[in-house]
Every structure is written in C-alpha cells, then in structure tokens.
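> Got a structure for you, coords_37.txt, holding compact mmCIF, C-alpha atoms.
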# COMPACT_ATOMS: atom_id res chain seq x y z
CA ILE A 124 163.57 96.15 98.11
CA GLY A 125 163.85 99.46 99.95
CA TRP A 126 167.13 98.43 101.54
CA THR A 127 168.37 97.38 98.10
CA PHE A 128 167.75 100.90 96.79
CA LEU A 129 169.61 102.45 99.71
CA LEU A 130 172.57 100.06 99.56
CA MET A 131 172.89 100.38 95.80
CA MET A 132 172.91 104.19 96.00
CA LEU A 133 175.61 104.05 98.68
CA ALA A 134 177.59 101.53 96.60
CA GLY A 135 177.19 103.63 93.44
CA GLY A 136 178.54 106.67 95.26
CA MET A 137 181.51 104.65 96.46
CA PHE A 138 182.16 103.33 92.95
CA CYS A 139 182.10 106.87 91.59
CA TYR A 140 184.50 108.01 94.32
CA LEU A 141 186.96 105.22 93.46
CA TRP A 142 186.77 105.99 89.75
CA ILE A 143 187.42 109.71 90.17
CA ARG A 144 190.34 108.96 92.50
CA GLU A 145 191.73 106.53 89.91
CA LEU A 146 191.64 109.38 87.40
CA GLY A 147 194.00 111.28 89.70
CA LEU A 148 191.67 113.87 91.23
CA SER A 149 191.71 114.84 94.91
CA LYS A 150 189.61 113.23 97.64
CA VAL A 151 187.42 116.35 97.90
CA ALA A 152 186.74 116.36 94.16
CA ALA A 153 185.98 112.62 94.22
CA ALA A 154 183.60 113.00 97.17
CA LEU A 155 181.79 115.88 95.48
CA CYS A 156 181.43 113.91 92.24
CA ALA A 157 180.18 110.87 94.16
CA VAL A 158 177.43 112.83 95.93
CA MET A 159 176.32 114.61 92.75
CA PHE A 160 176.31 111.36 90.77
CA THR A 161 174.35 109.42 93.40
CA PHE A 162 171.59 112.02 93.61
CA THR A 163 171.39 112.95 89.96
CA GLY A 164 167.92 112.82 88.45
CA TRP A 165 168.64 109.72 86.35
CA VAL A 166 169.42 107.79 89.53
CA ALA A 167 167.16 109.19 92.24
CA SER A 168 164.10 109.52 89.99
CA GLY A 169 164.17 105.77 89.38
CA LEU A 170 162.57 105.28 92.80
CA GLN A 171 159.46 107.20 91.75
CA GLY A 172 158.89 105.51 88.40
CA GLY A 173 159.69 101.96 89.42
CA GLN A 174 162.80 102.02 87.25
CA ASP A 175 165.00 100.11 89.67
CA GLY A 176 166.75 98.24 86.85
CA ARG A 177 167.76 101.48 85.15
CA MET A 178 168.95 102.82 88.48
CA PHE A 179 171.08 99.74 89.20
CA VAL A 180 172.74 99.81 85.76
CA ILE A 181 173.65 103.48 86.15
CA LEU A 182 175.00 102.94 89.68
CA LEU A 183 177.18 100.06 88.45
CA THR A 184 178.60 102.08 85.55
CA PRO A 185 181.30 103.89 87.61
CA LEU A 186 182.48 100.48 88.84
CA VAL A 187 182.92 99.36 85.22
CA PHE A 188 184.88 102.52 84.42
CA PHE A 189 186.97 102.23 87.59
CA CYS A 190 188.03 98.67 86.78
CA LEU A 191 188.71 99.59 83.16
CA GLU A 192 190.83 102.61 84.12
CA ARG A 193 192.77 100.65 86.72
CA GLY A 194 193.27 97.88 84.20
CA PHE A 195 194.89 100.33 81.78
CA ASN A 196 196.93 101.96 84.53
CA ARG A 197 198.27 98.73 86.07
CA ARG A 198 198.00 96.59 82.93
CA LYS A 199 196.85 93.49 84.80
CA LEU A 200 194.24 91.06 83.51
CA ILE A 201 192.46 90.80 86.87
CA TRP A 202 191.08 94.34 86.57
CA PHE A 203 189.65 93.71 83.12
CA LEU A 204 188.01 90.53 84.43
CA LEU A 205 186.53 92.49 87.34
CA MET A 206 185.22 94.94 84.76
CA GLY A 207 183.57 91.99 83.02
CA LEU A 208 182.00 90.90 86.31
CA ALA A 209 180.49 94.36 86.74
CA VAL A 210 179.16 94.30 83.16
CA ALA A 211 177.64 90.85 83.83
CA LEU A 212 175.77 92.33 86.81
CA GLN A 213 174.47 95.05 84.50
CA ILE A 214 173.27 92.46 81.97
CA LEU A 215 171.42 90.58 84.73
CA THR A 216 169.37 93.64 85.64
CA PRO A 217 165.96 94.08 83.97
CA GLN A 218 167.20 97.12 82.01
CA LEU A 219 169.13 95.94 78.97
CA GLN A 220 168.65 99.25 77.15
CA MET A 221 170.65 101.23 79.70
CA MET A 222 173.24 98.44 79.84
CA TYR A 223 173.61 98.79 76.07
CA TYR A 224 174.33 102.51 76.36
CA SER A 225 176.75 101.87 79.22
CA CYS A 226 178.66 99.33 77.12
CA LEU A 227 178.82 101.76 74.20
CA ALA A 228 180.33 104.42 76.48
CA VAL A 229 182.82 101.93 77.95
CA ALA A 230 183.82 100.74 74.47
CA ALA A 231 184.36 104.32 73.28
CA TYR A 232 186.51 105.08 76.32
CA ALA A 233 188.48 101.85 75.89
CA ILE A 234 189.27 102.82 72.28
CA TYR A 235 190.39 106.24 73.48
CA ARG A 236 192.69 104.67 76.09
CA LEU A 237 194.09 102.18 73.56
CA VAL A 238 194.95 105.02 71.18
CA ALA A 239 196.60 106.87 74.09
CA VAL A 240 198.67 103.78 74.90
CA TRP A 241 199.70 103.49 71.27
CA ARG A 242 200.83 107.13 71.20
CA GLU A 243 202.67 106.91 74.53
CA ASP A 244 204.38 103.52 74.24
CA LYS A 245 204.80 103.29 70.48
CA SER A 246 204.40 99.56 71.10
CA PHE A 247 202.15 97.35 69.03
CA LYS A 248 202.59 94.58 71.60
CA SER A 249 201.16 96.69 74.44
CA PHE A 250 198.30 97.83 72.21
CA VAL A 251 197.32 94.26 71.29
CA ARG A 252 197.83 92.92 74.82
CA LEU A 253 195.57 95.52 76.42
CA GLY A 254 193.00 95.10 73.65
CA LEU A 255 192.89 91.34 74.25
CA MET A 256 192.54 91.81 78.01
CA TYR A 257 189.65 94.22 77.45
CA THR A 258 188.03 91.69 75.12
CA ALA A 259 188.52 88.94 77.73
CA GLY A 260 186.57 91.05 80.21
CA PHE A 261 183.56 91.20 77.92
CA VAL A 262 183.84 87.51 77.07
CA LEU A 263 183.62 86.83 80.80
CA ALA A 264 180.62 89.15 81.09
CA VAL A 265 178.69 87.38 78.34
CA SER A 266 179.68 83.97 79.73
CA LEU A 267 178.40 84.78 83.21
CA ALA A 268 175.24 86.33 81.82
CA ALA A 269 174.59 83.21 79.72
CA VAL A 270 172.59 81.85 82.66
CA GLN A 271 169.97 84.38 81.56
CA LEU A 272 170.71 84.63 77.84
CA PHE A 273 170.99 80.93 76.96
CA PRO A 274 167.46 79.84 78.02
CA THR A 275 166.03 82.75 76.04
CA THR A 276 167.95 81.66 72.95
CA VAL A 277 166.82 78.04 73.34
CA ASN A 278 163.16 78.96 73.86
CA ARG A 279 163.12 81.41 70.98
CA GLY A 280 162.11 78.66 68.56
CA LEU A 281 158.99 77.93 70.61
CA SER A 282 157.60 81.43 70.20
CA HIS A 283 154.57 81.92 67.97
CA ARG A 284 156.56 84.70 66.35
CA GLN A 285 158.90 82.03 64.99
CA GLU A 286 156.24 79.46 64.08
CA GLY A 287 154.56 81.64 61.48
CA GLN A 288 151.00 81.26 62.74
CA GLY A 289 149.83 84.33 60.85
CA LEU A 290 149.10 86.39 63.94
CA GLY A 291 150.91 89.44 62.59
CA TYR A 292 153.93 88.98 64.83
CA GLU A 293 156.22 87.50 62.23
CA GLY A 294 158.77 89.00 59.93
CA TYR A 295 161.32 91.77 59.78
CA GLU A 296 158.74 94.55 59.71
CA HIS A 297 157.30 93.61 63.09
CA ALA A 298 160.71 92.90 64.60
CA THR A 299 161.88 96.41 63.73
CA SER A 300 158.69 98.25 64.66
CA PHE A 301 159.41 101.25 66.89
CA SER A 302 163.12 101.09 66.19
CA MET A 303 164.90 104.41 66.55
CA HIS A 304 164.05 106.64 63.60
CA PRO A 305 167.08 108.36 61.98
CA LEU A 306 165.71 111.76 63.03
CA GLU A 307 165.43 110.54 66.62
CA ALA A 308 169.16 109.72 66.55
CA VAL A 309 169.76 113.46 66.26
CA GLY A 310 168.21 113.72 69.72
CA LEU A 311 171.23 111.85 71.12
CA VAL A 312 173.28 114.94 70.26
CA VAL A 313 170.63 117.69 70.45
CA PRO A 314 168.32 116.98 73.43
CA GLY A 315 164.66 117.64 72.70
CA PHE A 316 165.18 117.75 68.93
CA THR A 317 162.03 115.70 68.29
CA GLY A 318 159.95 117.79 70.71
CA GLU A 319 159.66 115.21 73.49
CA PRO A 320 157.50 114.75 75.37
CA SER A 321 154.79 117.40 74.91
CA SER A 322 155.15 118.27 71.23
CA TYR A 323 156.63 115.15 69.66
CA TRP A 324 156.69 115.48 65.87
CA CYS A 325 158.84 112.59 64.62
CA ALA A 326 157.69 109.42 62.82
CA GLU A 327 157.24 107.10 65.81
CA GLY A 328 154.67 109.02 67.86
CA PHE A 329 152.17 106.95 69.81
Show me the file's structure as structure tokens.

Amino acid sequence: IGWTFLLMMLAGGMFCYLWIRELGLSKVAAALCAVMFTFTGWVASGLQGGQDGRMFVILLTPLVFFCLERGFNRRKLIWFLLMGLAVALQILTPQLQMMYYSCLAVAAYAIYRLVAVWREDKSFKSFVRLGLMYTAGFVLAVSLAAVQLFPTTVNRGLSHRQEGQGLGYEGYEHATSFSMHPLEAVGLVVPGFTGEPSSYWCAEGF
C-alpha cells in the first residue's frame, strides 16, 4: 500500500506535467505545476486520514484533462477513449464523490472547448464530431466500470431498503437524508460560508 501511494503521487505529478505542456506552457512551468499539484494539501493529506481513494481520484484528474485536451487538439478518437479509460479508473476507486466532482469539471471544460471549436471553425460538423467522440469516451468509462456497477444494480432488489420491512430505511425521505442543503451549495462558491467545521450553523449539522 505504501508503494502504491508513492507511485501514484509520482504518476500524478507526471500527468500534471503532461497536461500543462499540452496547454502550451514551458517545461519549467509544467514542472513547477506538477510539484505543487502533487504536494497540495488535498493530495498529501490523504495519507494521514486514510483517504487513499480521494487521493487516487485527484491524482488521476490531470490525466483525464490531458487526454481531453489532446483529443481536442489532435481531433482523434483514441485520445477521447484514453480519457474514458482514466475516468473508469476513477470510478473504480472507493471515492465516488470526488470522481463526481472531477467529471463535473471535465464536462464543464469540454463544453468550453466545444464552444471554442464552434467559434474558431464555424463548422457544425466539427462541433458534433468532437461532441460525439467526447461522449464515446464516457460511454467507454461506464462500460468498463460496469464490472463494479452492474452487480450493485442487480443486488439492489435484495436490500431490506427495497423490501419494505418497516425498518425506517425505506422511502424518498431516507434516501435523501443528509443531501446537500441549498445553503451548503453556497459554500461551493464561498468557502466556509456555513461555518465549517468549528461553528457550523446550517441545517444538516450532526
């Protein structure tokens, strides 16, 4: 496990380096970004709290962005499929929450790049073609991750939460308990808005 942490941090730094270079920055800038990214608190602190899954998802994120950026630059399907492979690895980690945020960021950036292509090429064909290749990447990701997702879907009907045994685990209310409160969503834009962690004042306090 210890070697996994070390190798993943080295790999994450390399992925970040490749991504920054793909964006057109110099080798020095890419190396500096790679070191800062690898040792940022969100990555390095995962060792202390046992958050290896979160750490792995974050370290794979630059690889996803690198493949996506290269896919748009070279306009070849293989790079979008490699992006999907990286996303599949993120899904297979035990940290689906961070994978969800990573996919949201990738989707937002993909939309930005598609709009840029539309403005540069003035071609509906290029816009649709790149959009379909991006979609194919995520189809591949979900397909590869089905080895983990499919058994969960099949076994869902065997859960006592589905059988209605009256244990208090059934229904929409329980399924949505501790969902993000609308006020907590403000914290995505204004860090610490809800007073975390010492003076939390929002509706979902423990």
> Within 9 Å of range 145-149 of chain A, counting all atoms listed in the file, which residues qualify if same-chain residues fewer than 2 places away don't, as a ChimeraX atom specification?
/A:140-143,151-154,189,192-193,196
> Name the residues in contact with Pro305 in chain A at a cut-off of 10 Å, using only C-alpha atoms, excluding same-chain residues fewer than 3 positions from it; report them as a ChimeraX atom specification.
/A:302,308-310,325-326
> I'd like the contact shell of range 217-233 of chain A - 7 Å cut-off, only C-alpha atoms, skipping same-chain residues fewer than 3 positions apart - returned as a PyMOL selection string.
chain A and resi 176-177+180+184+188+213-214+236-237
> Residues within 12 Å of (172.2, 100.8, 95.2), file coordinates, counting only C-alpha atoms: what are they? Give the list as a PyMOL selection string.
chain A and resi 124-138+161-162+166-167+169-170+175-184
> Go ahead and dump the residues you just picked, C-alpha atoms, as an mmCIF file, keeping the file's coordinate frame.

data_model
loop_
_atom_site.group_PDB
_atom_site.id
_atom_site.type_symbol
_atom_site.label_atom_id
_atom_site.label_comp_id
_atom_site.auth_asym_id
_atom_site.auth_seq_id
_atom_site.Cartn_x
_atom_site.Cartn_y
_atom_site.Cartn_z
ATOM 1 C CA ILE A 124 163.570 96.150 98.110
ATOM 2 C CA GLY A 125 163.850 99.460 99.950
ATOM 3 C CA TRP A 126 167.130 98.430 101.540
ATOM 4 C CA THR A 127 168.370 97.380 98.100
ATOM 5 C CA PHE A 128 167.750 100.900 96.790
ATOM 6 C CA LEU A 129 169.610 102.450 99.710
ATOM 7 C CA LEU A 130 172.570 100.060 99.560
ATOM 8 C CA MET A 131 172.890 100.380 95.800
ATOM 9 C CA MET A 132 172.910 104.190 96.000
ATOM 10 C CA LEU A 133 175.610 104.050 98.680
ATOM 11 C CA ALA A 134 177.590 101.530 96.600
ATOM 12 C CA GLY A 135 177.190 103.630 93.440
ATOM 13 C CA GLY A 136 178.540 106.670 95.260
ATOM 14 C CA MET A 137 181.510 104.650 96.460
ATOM 15 C CA PHE A 138 182.160 103.330 92.950
ATOM 16 C CA THR A 161 174.350 109.420 93.400
ATOM 17 C CA PHE A 162 171.590 112.020 93.610
ATOM 18 C CA VAL A 166 169.420 107.790 89.530
ATOM 19 C CA ALA A 167 167.160 109.190 92.240
ATOM 20 C CA GLY A 169 164.170 105.770 89.380
ATOM 21 C CA LEU A 170 162.570 105.280 92.800
ATOM 22 C CA ASP A 175 165.000 100.110 89.670
ATOM 23 C CA GLY A 176 166.750 98.240 86.850
ATOM 24 C CA ARG A 177 167.760 101.480 85.150
ATOM 25 C CA MET A 178 168.950 102.820 88.480
ATOM 26 C CA PHE A 179 171.080 99.740 89.200
ATOM 27 C CA VAL A 180 172.740 99.810 85.760
ATOM 28 C CA ILE A 181 173.650 103.480 86.150
ATOM 29 C CA LEU A 182 175.000 102.940 89.680
ATOM 30 C CA LEU A 183 177.180 100.060 88.450
ATOM 31 C CA THR A 184 178.600 102.080 85.550
#
> How many Å separate CA of Ser266 in chain A from CA of Thr216 in chain A?
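The value is 15.3 Å.
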> So what do you get for CA of Met206 in chain A versus CA of Ala268 in chain A, distance-wise?
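Result for CA of Met206 in chain A versus CA of Ala268 in chain A: 13.5 Å, one decimal.
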> Quick one: pull the distance between CA of Trp324 in chain A and CA of Leu311 in chain A, Å, one decimal.
15.9 Å
> Assuming 5 Å of padding per side, give the centre and edge lengths of the axis-aligned box around every listed atom of range 199-215 of chain A, in Å to one decimal and as JSON.

{"center_x": 184.1, "center_y": 92.8, "center_z": 84.7, "size_x": 35.4, "size_y": 14.5, "size_z": 15.4}
> N, CA, C and O atoms for range 161-182 of chain A, written as a tab-separated table (two decimals), keeping the file's coordinate frame, could you do that?

chain	number	residue	atom	x	y	z
A	161	THR	N	175.32	110.27	92.72
A	161	THR	CA	174.35	109.42	93.40
A	161	THR	C	172.96	110.04	93.42
A	161	THR	O	171.96	109.32	93.32
A	162	PHE	N	172.89	111.36	93.51
A	162	PHE	CA	171.59	112.02	93.61
A	162	PHE	C	171.17	112.73	92.33
A	162	PHE	O	170.28	113.58	92.35
A	163	THR	N	171.83	112.37	91.23
A	163	THR	CA	171.39	112.95	89.96
A	163	THR	C	169.99	112.43	89.60
A	163	THR	O	169.56	111.39	90.09
A	164	GLY	N	169.30	113.18	88.77
A	164	GLY	CA	167.92	112.82	88.45
A	164	GLY	C	167.77	111.44	87.84
A	164	GLY	O	166.82	110.72	88.13
A	165	TRP	N	168.73	111.03	87.01
A	165	TRP	CA	168.64	109.72	86.35
A	165	TRP	C	168.71	108.58	87.35
A	165	TRP	O	168.23	107.49	87.09
A	166	VAL	N	169.33	108.83	88.50
A	166	VAL	CA	169.42	107.79	89.53
A	166	VAL	C	168.25	107.89	90.49
A	166	VAL	O	167.44	106.97	90.64
A	167	ALA	N	168.15	109.03	91.17
A	167	ALA	CA	167.16	109.19	92.24
A	167	ALA	C	165.73	109.08	91.73
A	167	ALA	O	164.85	108.57	92.42
A	168	SER	N	165.47	109.54	90.51
A	168	SER	CA	164.10	109.52	89.99
A	168	SER	C	163.63	108.10	89.69
A	168	SER	O	162.44	107.86	89.51
A	169	GLY	N	164.57	107.15	89.63
A	169	GLY	CA	164.17	105.77	89.38
A	169	GLY	C	163.29	105.21	90.48
A	169	GLY	O	162.48	104.30	90.24
A	170	LEU	N	163.41	105.74	91.69
A	170	LEU	CA	162.57	105.28	92.80
A	170	LEU	C	161.10	105.60	92.54
A	170	LEU	O	160.22	104.81	92.85
A	171	GLN	N	160.85	106.78	91.97
A	171	GLN	CA	159.46	107.20	91.75
A	171	GLN	C	158.79	106.41	90.63
A	171	GLN	O	157.64	106.03	90.75
A	172	GLY	N	159.51	106.15	89.56
A	172	GLY	CA	158.89	105.51	88.40
A	172	GLY	C	159.00	104.00	88.36
A	172	GLY	O	158.64	103.38	87.36
A	173	GLY	N	159.53	103.41	89.42
A	173	GLY	CA	159.69	101.96	89.42
A	173	GLY	C	160.78	101.47	88.47
A	173	GLY	O	160.77	100.32	88.04
A	174	GLN	N	161.72	102.36	88.17
A	174	GLN	CA	162.80	102.02	87.25
A	174	GLN	C	164.04	101.57	88.02
A	174	GLN	O	165.14	102.11	87.85
A	175	ASP	N	163.88	100.57	88.86
A	175	ASP	CA	165.00	100.11	89.67
A	175	ASP	C	166.11	99.51	88.80
A	175	ASP	O	167.29	99.67	89.10
A	176	GLY	N	165.74	98.82	87.73
A	176	GLY	CA	166.75	98.24	86.85
A	176	GLY	C	167.63	99.30	86.22
A	176	GLY	O	168.86	99.17	86.19
A	177	ARG	N	167.00	100.36	85.74
A	177	ARG	CA	167.76	101.48	85.15
A	177	ARG	C	168.69	102.08	86.20
A	177	ARG	O	169.86	102.38	85.92
A	178	MET	N	168.17	102.24	87.40
A	178	MET	CA	168.95	102.82	88.48
A	178	MET	C	170.17	101.96	88.81
A	178	MET	O	171.29	102.46	88.97
A	179	PHE	N	169.98	100.64	88.86
A	179	PHE	CA	171.08	99.74	89.20
A	179	PHE	C	172.17	99.77	88.13
A	179	PHE	O	173.36	99.75	88.43
A	180	VAL	N	171.75	99.78	86.85
A	180	VAL	CA	172.74	99.81	85.76
A	180	VAL	C	173.59	101.08	85.85
A	180	VAL	O	174.82	101.04	85.73
A	181	ILE	N	172.92	102.21	86.08
A	181	ILE	CA	173.65	103.48	86.15
A	181	ILE	C	174.60	103.48	87.35
A	181	ILE	O	175.74	103.95	87.24
A	182	LEU	N	174.15	102.95	88.49
A	182	LEU	CA	175.00	102.94	89.68
A	182	LEU	C	176.19	101.98	89.54
A	182	LEU	O	177.20	102.16	90.20
